[in-house]
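Reading through the structure tokens given below for one structure.
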Amino acid sequence: MKLKFWKKPISDNDSFELFLFFIGNGGSLHIIADWNLTSQAWAEYGKMEKRARQLDFMFNNKEAKTNIWFYFDMYHLNWRFLDGAKRQYKVNNSANNC
């Protein structure tokens, strides 16, 4: 995750993951948005415009997607949804069943 903060230009997927990680761990929406747009400063104008639309989408859908979007919680050291629920997932152990 640390490397994503220094990657330039940042990809759509990395931008989304950083947004979730940052706000999930108590960061300000405005700080991550400003950082995200600033990181595009030397990119083409179209890239910055695309990133701004992506941020708008994330801002506008954050409340509706709290039970879908997840992040790694640094305090609990596990994956959590934005609503705080622990993310449960199955581990495929089929390779161990030989």
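By order of appearance in the structure tokens: chains A, B, ..., then residues from 1 within every chain, and ligands from 1 in the order shown.
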
Each residue of segment 4-60 of chain A lying at most 9 Å from segment 70-77 of chain A should get a row with its shortest atom-to-atom pair and the distance in Å to one decimal, counting only C-alpha atoms; could you produce that, ordered by chain and increasing number, as a tab-separated table?
```
residue	atom	partner	partner_atom	distance
A:Glu17	CA	A:Tyr71	CA	7.4
A:Leu18	CA	A:Tyr71	CA	8.9
A:Leu20	CA	A:Tyr71	CA	5.6
A:Phe21	CA	A:Tyr71	CA	5.1
A:Phe22	CA	A:Tyr71	CA	8.6
A:Ile23	CA	A:Tyr71	CA	8.9
A:Gly24	CA	A:Tyr71	CA	6.3
A:Asn25	CA	A:Asp73	CA	6.0
```

Just-selected residues, all heavy atoms written as a short mmCIF file (atom, residue, chain, number, x, y, z; two decimals), in the first residue's frame:
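As written to disk, result-v8.cif reads:
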```cif
data_model
loop_
_atom_site.label_atom_id
_atom_site.label_comp_id
_atom_site.auth_asym_id
_atom_site.auth_seq_id
_atom_site.Cartn_x
_atom_site.Cartn_y
_atom_site.Cartn_z
N GLU A 17 -8.39 1.91 -4.44
CA GLU A 17 -7.91 1.21 -3.24
C GLU A 17 -7.39 2.19 -2.19
O GLU A 17 -7.65 2.02 -1.00
CB GLU A 17 -6.83 0.21 -3.61
CG GLU A 17 -7.35 -1.00 -4.34
CD GLU A 17 -6.26 -1.96 -4.77
OE1 GLU A 17 -5.08 -1.76 -4.39
OE2 GLU A 17 -6.58 -2.91 -5.50
N LEU A 18 -6.65 3.20 -2.62
CA LEU A 18 -6.15 4.20 -1.68
C LEU A 18 -7.28 4.98 -1.04
O LEU A 18 -7.25 5.26 0.16
CB LEU A 18 -5.19 5.17 -2.39
CG LEU A 18 -3.80 4.64 -2.64
CD1 LEU A 18 -3.03 5.60 -3.54
CD2 LEU A 18 -3.06 4.43 -1.33
N LEU A 20 -10.37 3.94 -0.45
CA LEU A 20 -11.02 3.09 0.55
C LEU A 20 -10.14 2.90 1.78
O LEU A 20 -10.62 2.97 2.91
CB LEU A 20 -11.38 1.73 -0.05
CG LEU A 20 -12.44 1.76 -1.14
CD1 LEU A 20 -12.64 0.36 -1.71
CD2 LEU A 20 -13.76 2.30 -0.61
N PHE A 21 -8.86 2.66 1.58
CA PHE A 21 -7.93 2.48 2.69
C PHE A 21 -7.88 3.73 3.55
O PHE A 21 -7.95 3.67 4.78
CB PHE A 21 -6.54 2.13 2.16
CG PHE A 21 -5.50 2.01 3.23
CD1 PHE A 21 -5.41 0.85 3.99
CD2 PHE A 21 -4.60 3.03 3.47
CE1 PHE A 21 -4.46 0.73 4.98
CE2 PHE A 21 -3.63 2.91 4.45
CZ PHE A 21 -3.57 1.77 5.21
N PHE A 22 -7.77 4.88 2.91
CA PHE A 22 -7.62 6.14 3.63
C PHE A 22 -8.88 6.48 4.43
O PHE A 22 -8.79 6.75 5.63
CB PHE A 22 -7.29 7.25 2.64
CG PHE A 22 -6.72 8.48 3.28
CD1 PHE A 22 -5.40 8.52 3.68
CD2 PHE A 22 -7.49 9.61 3.47
CE1 PHE A 22 -4.87 9.64 4.28
CE2 PHE A 22 -6.98 10.74 4.06
CZ PHE A 22 -5.65 10.77 4.47
N ILE A 23 -10.04 6.45 3.79
CA ILE A 23 -11.26 6.82 4.54
C ILE A 23 -11.66 5.73 5.53
O ILE A 23 -12.20 6.03 6.58
CB ILE A 23 -12.44 7.18 3.61
CG1 ILE A 23 -12.89 5.99 2.77
CG2 ILE A 23 -12.10 8.37 2.73
CD1 ILE A 23 -14.20 6.22 2.06
N GLY A 24 -11.37 4.48 5.20
CA GLY A 24 -11.69 3.40 6.12
C GLY A 24 -10.89 3.48 7.41
O GLY A 24 -11.37 3.09 8.48
N ASN A 25 -9.69 4.02 7.34
CA ASN A 25 -8.84 4.14 8.52
C ASN A 25 -8.91 5.54 9.15
O ASN A 25 -8.05 5.93 9.91
CB ASN A 25 -7.39 3.78 8.16
CG ASN A 25 -7.22 2.28 8.06
OD1 ASN A 25 -7.27 1.58 9.05
ND2 ASN A 25 -7.08 1.78 6.83
#
```

Next on the checklist: Using DSSP assignments from the backbone, pull out every residue in chain A that falls under helix (DSSP H, G or I) and give it to me as a ChimeraX atom specification.
Outcome noted: /A:2-6,12-24,29-38,45-61,94-96

Item to check | Lys4 of chain A environment, 10 Å, only C-alpha atoms, sequence neighbours closer than 5 positions dropped, as a VMD selection string | outcome: chain A and resid 9 to 11 14 to 15 17 to 18

Just want the 10 Å neighbourhood of segment 50-63 of chain A, counted on only C-alpha atoms, with same-chain residues fewer than 4 positions away dropped. Output as an mmCIF file with N, CA, C and O atoms, in the first residue's frame.
```
data_model
loop_
_atom_site.group_PDB
_atom_site.id
_atom_site.type_symbol
_atom_site.label_atom_id
_atom_site.label_comp_id
_atom_site.auth_asym_id
_atom_site.auth_seq_id
_atom_site.Cartn_x
_atom_site.Cartn_y
_atom_site.Cartn_z
ATOM 1 N N ILE A 10 -0.945 7.505 -10.932
ATOM 2 C CA ILE A 10 -1.655 6.444 -10.232
ATOM 3 C C ILE A 10 -2.771 5.901 -11.123
ATOM 4 O O ILE A 10 -3.423 6.652 -11.839
ATOM 5 N N SER A 11 -2.973 4.596 -11.094
ATOM 6 C CA SER A 11 -4.007 3.968 -11.933
ATOM 7 C C SER A 11 -5.387 4.119 -11.296
ATOM 8 O O SER A 11 -5.512 4.475 -10.124
ATOM 9 N N ASP A 12 -6.424 3.815 -12.069
ATOM 10 C CA ASP A 12 -7.795 3.866 -11.551
ATOM 11 C C ASP A 12 -7.962 2.931 -10.365
ATOM 12 O O ASP A 12 -8.536 3.310 -9.339
ATOM 13 N N SER A 15 -6.048 4.161 -7.305
ATOM 14 C CA SER A 15 -6.745 5.327 -6.769
ATOM 15 C C SER A 15 -7.932 4.896 -5.904
ATOM 16 O O SER A 15 -8.154 5.417 -4.805
ATOM 17 N N PHE A 16 -8.688 3.941 -6.398
ATOM 18 C CA PHE A 16 -9.849 3.439 -5.671
ATOM 19 C C PHE A 16 -9.429 2.753 -4.372
ATOM 20 O O PHE A 16 -10.002 2.993 -3.311
ATOM 21 N N PHE A 19 -8.291 5.324 -1.828
ATOM 22 C CA PHE A 19 -9.457 6.033 -1.308
ATOM 23 C C PHE A 19 -10.115 5.216 -0.196
ATOM 24 O O PHE A 19 -10.366 5.726 0.896
ATOM 25 N N LEU A 20 -10.372 3.940 -0.452
ATOM 26 C CA LEU A 20 -11.020 3.091 0.552
ATOM 27 C C LEU A 20 -10.143 2.904 1.782
ATOM 28 O O LEU A 20 -10.622 2.975 2.913
ATOM 29 N N ILE A 23 -10.045 6.452 3.793
ATOM 30 C CA ILE A 23 -11.262 6.822 4.537
ATOM 31 C C ILE A 23 -11.657 5.734 5.528
ATOM 32 O O ILE A 23 -12.197 6.034 6.581
ATOM 33 N N LEU A 29 -11.887 12.716 3.673
ATOM 34 C CA LEU A 29 -12.228 12.594 2.252
ATOM 35 C C LEU A 29 -11.547 13.677 1.429
ATOM 36 O O LEU A 29 -11.083 13.434 0.317
ATOM 37 N N HIS A 30 -11.486 14.874 1.969
ATOM 38 C CA HIS A 30 -10.931 16.000 1.224
ATOM 39 C C HIS A 30 -9.424 15.883 1.052
ATOM 40 O O HIS A 30 -8.882 16.243 0.011
ATOM 41 N N ILE A 32 -7.612 13.013 0.868
ATOM 42 C CA ILE A 32 -7.297 11.988 -0.136
ATOM 43 C C ILE A 32 -7.705 12.457 -1.529
ATOM 44 O O ILE A 32 -7.022 12.167 -2.508
ATOM 45 N N ALA A 33 -8.790 13.204 -1.633
ATOM 46 C CA ALA A 33 -9.206 13.723 -2.943
ATOM 47 C C ALA A 33 -8.175 14.729 -3.466
ATOM 48 O O ALA A 33 -7.774 14.655 -4.632
ATOM 49 N N ASP A 34 -7.732 15.649 -2.605
ATOM 50 C CA ASP A 34 -6.733 16.627 -3.022
ATOM 51 C C ASP A 34 -5.420 15.944 -3.401
ATOM 52 O O ASP A 34 -4.798 16.295 -4.400
ATOM 53 N N ASN A 36 -5.035 12.874 -4.425
ATOM 54 C CA ASN A 36 -5.261 12.101 -5.647
ATOM 55 C C ASN A 36 -5.199 12.995 -6.885
ATOM 56 O O ASN A 36 -4.571 12.650 -7.884
ATOM 57 N N LEU A 37 -5.842 14.140 -6.832
ATOM 58 C CA LEU A 37 -5.826 15.049 -7.978
ATOM 59 C C LEU A 37 -4.447 15.677 -8.172
ATOM 60 O O LEU A 37 -3.985 15.833 -9.297
ATOM 61 N N GLN A 40 -1.904 13.745 -10.117
ATOM 62 C CA GLN A 40 -2.108 13.730 -11.561
ATOM 63 C C GLN A 40 -1.588 15.006 -12.235
ATOM 64 O O GLN A 40 -1.798 15.217 -13.420
ATOM 65 N N TYR A 45 -4.331 16.247 -19.415
ATOM 66 C CA TYR A 45 -5.545 16.838 -18.854
ATOM 67 C C TYR A 45 -6.683 15.815 -18.794
ATOM 68 O O TYR A 45 -7.431 15.773 -17.824
ATOM 69 N N GLY A 46 -6.790 14.984 -19.814
ATOM 70 C CA GLY A 46 -7.852 13.979 -19.845
ATOM 71 C C GLY A 46 -7.774 13.014 -18.674
ATOM 72 O O GLY A 46 -8.795 12.580 -18.141
ATOM 73 N N ASN A 67 -21.688 -1.616 2.524
ATOM 74 C CA ASN A 67 -21.674 -3.068 2.760
ATOM 75 C C ASN A 67 -21.055 -3.830 1.582
ATOM 76 O O ASN A 67 -21.057 -5.053 1.574
ATOM 77 N N ILE A 68 -20.502 -3.106 0.605
ATOM 78 C CA ILE A 68 -19.888 -3.730 -0.578
ATOM 79 C C ILE A 68 -18.394 -3.395 -0.658
ATOM 80 O O ILE A 68 -17.575 -4.263 -0.896
ATOM 81 N N TRP A 69 -18.046 -2.136 -0.469
ATOM 82 C CA TRP A 69 -16.654 -1.704 -0.571
ATOM 83 C C TRP A 69 -15.923 -2.024 0.720
ATOM 84 O O TRP A 69 -16.432 -1.793 1.817
ATOM 85 N N LEU A 82 -16.903 -0.773 4.685
ATOM 86 C CA LEU A 82 -16.971 0.608 5.145
ATOM 87 C C LEU A 82 -17.967 0.797 6.279
ATOM 88 O O LEU A 82 -17.859 1.746 7.048
ATOM 89 N N ASP A 83 -18.931 -0.113 6.419
ATOM 90 C CA ASP A 83 -19.875 -0.006 7.532
ATOM 91 C C ASP A 83 -19.296 -0.584 8.831
ATOM 92 O O ASP A 83 -19.941 -0.587 9.867
#
```

Next on the checklist: Give me, as a ChimeraX atom specification, the residues of chain A that a backbone DSSP run labels strand (DSSP E or B).
Outcome noted: /A:70-73,78-81,86

Would you mind exporting the chosen residues as a CSV table (one decimal), in the first residue's frame, restricted to all heavy atoms?
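What follows is the written file part_29.csv:
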```csv
chain,number,residue,atom,x,y,z
A,70,PHE,N,-14.7,-2.5,0.6
A,70,PHE,CA,-14.0,-2.9,1.8
A,70,PHE,C,-12.5,-2.4,1.7
A,70,PHE,O,-12.0,-2.0,0.7
A,70,PHE,CB,-14.0,-4.4,2.0
A,70,PHE,CG,-13.5,-5.2,0.8
A,70,PHE,CD1,-12.1,-5.6,0.8
A,70,PHE,CD2,-14.3,-5.6,-0.2
A,70,PHE,CE1,-11.7,-6.3,-0.3
A,70,PHE,CE2,-13.8,-6.3,-1.3
A,70,PHE,CZ,-12.5,-6.7,-1.3
A,71,TYR,N,-11.8,-2.5,2.9
A,71,TYR,CA,-10.5,-1.9,3.0
A,71,TYR,C,-9.8,-2.7,4.1
A,71,TYR,O,-10.4,-3.5,4.8
A,71,TYR,CB,-10.5,-0.5,3.4
A,71,TYR,CG,-11.1,-0.2,4.8
A,71,TYR,CD1,-10.3,-0.1,5.9
A,71,TYR,CD2,-12.5,-0.2,5.0
A,71,TYR,CE1,-10.8,0.1,7.1
A,71,TYR,CE2,-13.0,-0.1,6.2
A,71,TYR,CZ,-12.2,0.1,7.3
A,71,TYR,OH,-12.7,0.2,8.6
A,72,PHE,N,-8.5,-2.6,4.2
A,72,PHE,CA,-7.7,-3.2,5.3
A,72,PHE,C,-7.6,-2.2,6.5
A,72,PHE,O,-7.1,-1.1,6.3
A,72,PHE,CB,-6.3,-3.6,4.8
A,72,PHE,CG,-5.6,-4.4,5.9
A,72,PHE,CD1,-5.9,-5.7,6.0
A,72,PHE,CD2,-4.7,-3.8,6.7
A,72,PHE,CE1,-5.2,-6.5,7.0
A,72,PHE,CE2,-4.0,-4.5,7.7
A,72,PHE,CZ,-4.3,-5.9,7.9
A,73,ASP,N,-8.2,-2.7,7.6
A,73,ASP,CA,-8.2,-1.9,8.8
A,73,ASP,C,-6.9,-2.0,9.6
A,73,ASP,O,-6.5,-3.1,10.0
A,73,ASP,CB,-9.4,-2.3,9.7
A,73,ASP,CG,-9.6,-1.4,10.8
A,73,ASP,OD1,-8.7,-1.3,11.7
A,73,ASP,OD2,-10.7,-0.7,10.9
A,78,ASN,N,-7.4,-6.6,9.9
A,78,ASN,CA,-8.2,-7.4,9.0
A,78,ASN,C,-9.0,-6.6,8.0
A,78,ASN,O,-9.0,-5.4,8.1
A,78,ASN,CB,-9.1,-8.4,9.8
A,78,ASN,CG,-10.1,-7.6,10.7
A,78,ASN,OD1,-10.5,-6.5,10.5
A,78,ASN,ND2,-10.5,-8.3,11.8
A,79,TRP,N,-9.7,-7.3,7.1
A,79,TRP,CA,-10.4,-6.6,6.1
A,79,TRP,C,-11.8,-6.3,6.6
A,79,TRP,O,-12.5,-7.1,7.3
A,79,TRP,CB,-10.6,-7.5,4.9
A,79,TRP,CG,-9.3,-7.7,4.2
A,79,TRP,CD1,-8.4,-8.8,4.4
A,79,TRP,CD2,-8.6,-6.8,3.3
A,79,TRP,NE1,-7.3,-8.6,3.6
A,79,TRP,CE2,-7.4,-7.4,2.9
A,79,TRP,CE3,-9.0,-5.6,2.7
A,79,TRP,CZ2,-6.5,-6.8,2.0
A,79,TRP,CZ3,-8.1,-5.0,1.8
A,79,TRP,CH2,-6.9,-5.6,1.4
A,80,ARG,N,-12.3,-5.1,6.4
A,80,ARG,CA,-13.6,-4.6,6.9
A,80,ARG,C,-14.3,-3.9,5.8
A,80,ARG,O,-13.7,-3.2,4.9
A,80,ARG,CB,-13.4,-3.6,8.0
A,80,ARG,CG,-12.6,-4.2,9.2
A,80,ARG,CD,-13.4,-4.0,10.4
A,80,ARG,NE,-12.8,-4.8,11.5
A,80,ARG,CZ,-13.5,-5.4,12.5
A,80,ARG,NH1,-14.8,-5.1,12.5
A,80,ARG,NH2,-12.9,-6.1,13.4
A,81,PHE,N,-15.6,-4.0,5.8
A,81,PHE,CA,-16.5,-3.2,4.9
A,81,PHE,C,-16.5,-1.7,5.5
A,81,PHE,O,-16.2,-1.5,6.7
A,81,PHE,CB,-17.9,-3.7,4.8
A,81,PHE,CG,-17.9,-5.0,4.1
A,81,PHE,CD1,-18.0,-6.3,4.8
A,81,PHE,CD2,-17.9,-5.1,2.7
A,81,PHE,CE1,-18.0,-7.5,4.1
A,81,PHE,CE2,-17.9,-6.2,2.0
A,81,PHE,CZ,-17.9,-7.4,2.7
A,86,LYS,N,-16.8,-7.0,9.7
A,86,LYS,CA,-15.7,-7.8,9.3
A,86,LYS,C,-16.0,-8.5,8.0
A,86,LYS,O,-17.1,-9.1,7.9
A,86,LYS,CB,-15.3,-8.7,10.4
A,86,LYS,CG,-14.0,-9.5,10.1
A,86,LYS,CD,-13.6,-10.3,11.3
A,86,LYS,CE,-12.3,-11.1,11.0
A,86,LYS,NZ,-12.0,-12.0,12.1
```

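Atom pair atom CA of Ser39 of chain A / atom CA of Ala64 of chain A: separated by 27.0 Å.
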
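Atom to atom, atom CA of Ile31 of chain A and atom CA of Ala85 of chain A stand 24.5 Å apart.
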
Checklist outcome for this item: Correct to one decimal, the distance atom CA of Lys47 of chain A-atom CA of Gly26 of chain A is 27.2 Å
